[in-house]
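Single-structure report; data block below.
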Amino acid sequence: MKRNIVSKVIFMMMLLLSISLGSHALAEGNSSLTSGTYTVGEDIPAGLNVFSVSEGQSTIQISRGTDIFIYETLDSNRDSYSNRFTANLKAGDEVDVEYGSSNVAVQQIAKVDLNNLSVGFYEVGTDIPAGTYTLDVDHPASDYDMAYISIYNQNYKSTKNLSLSTDNSPREYTFATGEKIYISWLTGTMSFKEKILVPKSITLNKSSLSLMINRTAQVKATVAPNTAINKSVSWTSSNPAIATVDANGNVKAVKEGSTTITATAKGDPSIQKSINVTVTKVVPTSLKLSRAALNITANQTVRVSATVAPTDAENKTVVWKSSNTAVATVDSAGNIKGNANGSAVVTATASDNAKVFKTVLVRVSTKTVKVSKTRLSVTAGKTAVLTANVSPSDSTDKTVKWKSSNTKIVTVDRNGKIYAKRKGTAIVTASVNHARVVKVKVTVTPPVMARSVKINKSSTILYKGQTLTLTATVSPSNVTDKTVKWKSSNTRVAKVDRYGKVTAVGAGTAKITAKTTNGKWTAATIKVPYVKYLSAGNWKAGKDLPAGRYQITTSSGSGNLFIGIGTNHFVNEILSSGEDGFGVTVVTTDIKAGDTIQIAGLDSVKFTRVTNVKSNTLHSGYWTVGKDIASGRYKVTTTSGSGNLIIHRGSNLTVNEILSSKADGFGVTSVTVTLKSGDRIYISGLDQVKFTKR
């Protein structure tokens, strides 16, 4: 892109060294110029003019006095030059149109379009307002378009040169009145977007304000534009004796009257906004009554109090009025009196503000008593409660007096609680002063006595610390009194509370008895086994563990258990806390005084004292036919693993087998044997051996 840059700069320098500012002679009209010289004020109107070509190229030269200050080529195609040029001409300036292929059009305009500035010579304060602008080549003629901006002061001294292309970000610059702006090179247009830094206006959030004395309200001011550097305001009141205002716009009413509150922009004190403030006396704004409704009798008087808000209201007088004085009247103090049965509305109105009022609905009626029942049947020994409701609800002296016609059959207390004493009939009355007496017929029926009582469990085993709640059922179902008393025969073994909750305390047996009020009883047997824990080591029965029959288990892994070495009840087992395929989980045997107990590999072994069982499924240990299993002929099998099955009859060995859950070449899967009372059975290495009757 070729430009006659040197010539333009020279002409501008020549101009700015010699040009003097004169008054603007404004004229209107459009001209079409051909080659030649034209005088501003005669051939061309003075003022802001746009020179343009619609076809081809032409060159214009503008002189002021003896100096040429503008020399521009105009091109309709905007290949290298813009198709227009803008300048503010003065009377006497000469415009030379040099040879070209197009006439030059001249159009006078009132003002420049700051959003579409073309090349031209502009004066700040005349053509462009002074201020801060964002400069942007936002309407280029091509991707390579750019603007060269020369800025001169009032004395035509160069102060700044700016260049902007389409690739540059917008730039901000502040122009002062009297400065000259010469835009060159640009073939398209650019924009000067003003960034206003000083306040231009103030908007208040209220157009007027009315306050009662001692009340406050805040007025908020918004300064425009939002780009203003200082958006704070100061506040003043034209008459602080009426209302004051603080630095935050908080207006406080002082006394009745009117004043003006003004907000002044601190960034420009000439920018102000005011509102009128009217201050009025404090009048009631609400009214509260102590009662919203009254239910009274004739000749009864109730005072209703009225509270007027706000508390600083100048006049808090209340005017009272009844809608029906035949039913109820009211005096100036709010004393409402019932005159006759019926309804009336009493209104309380603030005398200083008729819009503030409240009402009381007044109902006047005869005093009456209503009892919850007119007939009542009660079983001897039982109680019942009668309730009495006295109306109207706000009547005075509502105390109810109760009385029985026959206290040998029924008594009644001051609260209406009836005590049925024996079979018969009595009249219970409820009376209230100035009301009719109400009568209730009370029939007392004989009680239904308990014939039996049954506990939900006849016997159970509880370990020390365990609990169980027993329930007792009294028959027949219509028993008058189903209360039972619980008792333990041995509280050192088990204790029971009033609700049948049993707690195991120590080893032994206790009877828990449930007894009815008429002496019927039944009992449940609670057995609390003796339990002791032994760890790894050597122990002696009779010293470290009482002799007896025990069920032995562990919760601490797997280890060895030896009991009664050298006796005919010798136990040699691997004891495990779970089924691991190596040991057994439980052993039952008789331990006699003097027996040795050896434990290896186990931290805790539990010894629980048990009695003989009657079962066809046995585990490792020693068992006696007739005590633990009934006599008879049995097929003996095991559900898992492999172990020993030995049966003695007296000194004779009747069975000595390895019993297995499946054929493995070492043992048998079943043994058929006849058991007689007294036979001794020894099982080792097996958790479950089944004896099936044949």
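If you're wondering about the labels, chains in the structure tokens are A, B, ... by order shown, residues count from 1 in each chain, ligands from 1 in order shown.
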| query | Can you tell me, as a ChimeraX atom specification, what residues are no more than 8 Å from Tyr144 of chain A when counting only C-alpha atoms, ignoring any on the same chain fewer than 2 positions away? | reply | /A:142,146,165-166
| said: Can you pull out the residues contacting segment 82-91 of chain A? Cut-off 7 Å, using only C-alpha atoms, and skip same-chain residues under 6 positions away; I want them as a PyMOL selection string. | reply: chain A and resi 24-25+40-41+46-53+74-76+118-122+186-188
May I have the selected residues written with N, CA, C and O atoms, as a compact mmCIF listing (two decimals), in the first residue's frame?
# COMPACT_ATOMS: atom_id res chain seq x y z
N HIS A 24 -16.17 30.29 13.24
CA HIS A 24 -16.75 29.39 12.24
C HIS A 24 -17.95 30.06 11.60
O HIS A 24 -18.92 30.37 12.28
N ALA A 25 -17.90 30.24 10.29
CA ALA A 25 -19.07 30.75 9.56
C ALA A 25 -19.81 29.57 9.01
O ALA A 25 -19.30 28.85 8.16
N VAL A 40 -13.80 29.32 0.51
CA VAL A 40 -14.77 28.98 1.55
C VAL A 40 -15.47 30.25 2.00
O VAL A 40 -14.84 31.28 2.26
N GLY A 41 -16.77 30.20 2.10
CA GLY A 41 -17.57 31.34 2.45
C GLY A 41 -18.22 31.97 1.24
O GLY A 41 -19.21 32.68 1.37
N ALA A 46 -18.72 27.67 4.98
CA ALA A 46 -17.81 27.42 6.10
C ALA A 46 -18.45 26.42 7.06
O ALA A 46 -19.67 26.26 7.10
N GLY A 47 -17.61 25.76 7.81
CA GLY A 47 -18.11 24.78 8.78
C GLY A 47 -17.58 23.39 8.50
O GLY A 47 -16.58 23.21 7.78
N LEU A 48 -18.28 22.41 9.06
CA LEU A 48 -17.85 21.01 8.96
C LEU A 48 -18.29 20.45 7.62
O LEU A 48 -19.48 20.39 7.32
N ASN A 49 -17.34 20.07 6.76
CA ASN A 49 -17.62 19.60 5.41
C ASN A 49 -16.96 18.26 5.16
O ASN A 49 -15.87 17.97 5.66
N VAL A 50 -17.66 17.45 4.36
CA VAL A 50 -17.14 16.15 3.95
C VAL A 50 -16.88 16.22 2.45
O VAL A 50 -17.79 16.50 1.67
N PHE A 51 -15.63 15.96 2.04
CA PHE A 51 -15.25 15.88 0.63
C PHE A 51 -15.22 14.41 0.25
O PHE A 51 -14.60 13.59 0.95
N SER A 52 -15.86 14.06 -0.89
CA SER A 52 -15.91 12.65 -1.27
C SER A 52 -15.96 12.52 -2.78
O SER A 52 -16.31 13.46 -3.49
N VAL A 53 -15.58 11.31 -3.26
CA VAL A 53 -15.67 10.98 -4.68
C VAL A 53 -16.48 9.71 -4.80
O VAL A 53 -16.39 8.82 -3.96
N LEU A 74 -8.37 11.35 -2.92
CA LEU A 74 -9.59 10.59 -2.65
C LEU A 74 -9.76 9.53 -3.73
O LEU A 74 -9.54 9.79 -4.92
N ASP A 75 -10.13 8.32 -3.34
CA ASP A 75 -10.24 7.19 -4.26
C ASP A 75 -11.56 6.49 -3.98
O ASP A 75 -11.80 6.01 -2.86
N SER A 76 -12.44 6.41 -5.00
CA SER A 76 -13.75 5.78 -4.80
C SER A 76 -13.64 4.31 -4.49
O SER A 76 -14.50 3.73 -3.82
N SER A 118 -13.87 8.97 9.46
CA SER A 118 -12.97 8.72 8.33
C SER A 118 -11.72 9.58 8.50
O SER A 118 -11.55 10.26 9.51
N VAL A 119 -10.82 9.54 7.51
CA VAL A 119 -9.67 10.44 7.54
C VAL A 119 -10.20 11.86 7.60
O VAL A 119 -11.27 12.18 7.08
N GLY A 120 -9.45 12.75 8.26
CA GLY A 120 -9.91 14.11 8.37
C GLY A 120 -9.13 14.89 9.39
O GLY A 120 -8.24 14.36 10.07
N PHE A 121 -9.48 16.16 9.47
CA PHE A 121 -8.84 17.07 10.41
C PHE A 121 -9.93 17.59 11.36
O PHE A 121 -10.89 18.23 10.92
N TYR A 122 -9.78 17.25 12.66
CA TYR A 122 -10.83 17.54 13.63
C TYR A 122 -10.27 18.37 14.77
O TYR A 122 -9.10 18.24 15.14
N LEU A 186 -6.06 5.99 6.79
CA LEU A 186 -7.23 5.11 6.96
C LEU A 186 -8.10 5.13 5.71
O LEU A 186 -8.46 6.19 5.22
N THR A 187 -8.44 3.94 5.18
CA THR A 187 -9.34 3.85 4.02
C THR A 187 -10.76 3.50 4.44
O THR A 187 -11.71 3.77 3.73
N GLY A 188 -10.86 2.86 5.59
CA GLY A 188 -12.20 2.58 6.13
C GLY A 188 -12.57 3.65 7.14
O GLY A 188 -12.27 4.82 6.95
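Each of A:Val219, A:Ile427, A:Val432, A:Val364 was compared to Asn248 of chain A using only C-alpha atoms, and A:Val219 turns out to be the nearest.
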| task | Point out the residue among A:Lys403, A:Gly257, A:Ala298, A:Met212 with the least atom-to-atom distance to Lys281 of chain A, counting only C-alpha atoms. | result |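 Of the candidates, the smallest distance to Lys281 of chain A is held by A:Met212.
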| request: Calculate how many Å separate atom CA of Asn433 of chain A from atom CA of Val390 of chain A, rounding to one decimal. | output: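 Distance between the two atoms: 10.6 Å.
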| said: Give me the residues near Gly416 of chain A as a VMD selection string, where near means some atom within 7 Å (using only C-alpha atoms) and where sequence neighbours in that chain fewer than 4 positions away do not count. | reply: chain A and resid 385 to 387 402 412
Output the selection as an mmCIF file, in the first residue's frame - C-alpha atoms for each residue.
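And here's again36.cif as it stands now:
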data_model
loop_
_atom_site.group_PDB
_atom_site.id
_atom_site.type_symbol
_atom_site.label_atom_id
_atom_site.label_comp_id
_atom_site.auth_asym_id
_atom_site.auth_seq_id
_atom_site.Cartn_x
_atom_site.Cartn_y
_atom_site.Cartn_z
ATOM 1 C CA VAL A 385 -63.246 -40.730 85.626
ATOM 2 C CA LEU A 386 -66.076 -38.366 84.787
ATOM 3 C CA THR A 387 -65.266 -35.013 83.209
ATOM 4 C CA TRP A 402 -69.132 -33.901 92.787
ATOM 5 C CA VAL A 412 -66.212 -39.726 93.963
#
| request: Step one, run DSSP on the backbone; step two, keep only residues of segment 158-379 of chain A assigned to strand (DSSP E or B); then write them as a PyMOL selection string. | output: chain A and resi 158-165+171-175+180-184+189-195+201-204+208-212+216-218+221-224+233-237+243-245+250-253+257-265+272-280+286-289+293-296+301-303+306-309+318-322+328-330+335-338+342-350+353-364+368-371+375-379
| request: Write out as a PyMOL selection string each polymer residue whose atoms come within 8 Å of Lys288 of chain A, counting only C-alpha atoms; drop sequence neighbours fewer than 6 positions from it. | output: chain A and resi 306-308+358
| Which residues come within 9 Å of segment 311-324 of chain A, counting only C-alpha atoms, excluding same-chain residues fewer than 3 positions away, as a PyMOL selection string? | chain A and resi 281-285+306-308+327-334+336+343-352+357
| request: Can you pull out every residue within 7 Å of Val571 of chain A, counting only C-alpha atoms, but drop anything in the same chain fewer than 5 positions away, and send it as a PyMOL selection string? | output: chain A and resi 562-564
Grab the residues selected above and save them as a PDB file, in the first residue's frame with C-alpha atoms.
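Output contents, as saved in out10.pdb:
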ATOM      1  CA  PHE A 562      -6.203 -83.640  77.715  1.00  0.00           C
ATOM      2  CA  ILE A 563      -8.444 -84.624  80.680  1.00  0.00           C
ATOM      3  CA  GLY A 564      -8.101 -87.525  83.171  1.00  0.00           C
TER       4      GLY A 564
END
| By how many Å are atom CA of Tyr38 of chain A and atom CA of Gly56 of chain A apart? |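 A separation of 20.8 Å between them.
For the pair atom CA of Ile647 of chain A and atom CA of Gly621 of chain A, the interatomic distance is 11.8 Å.
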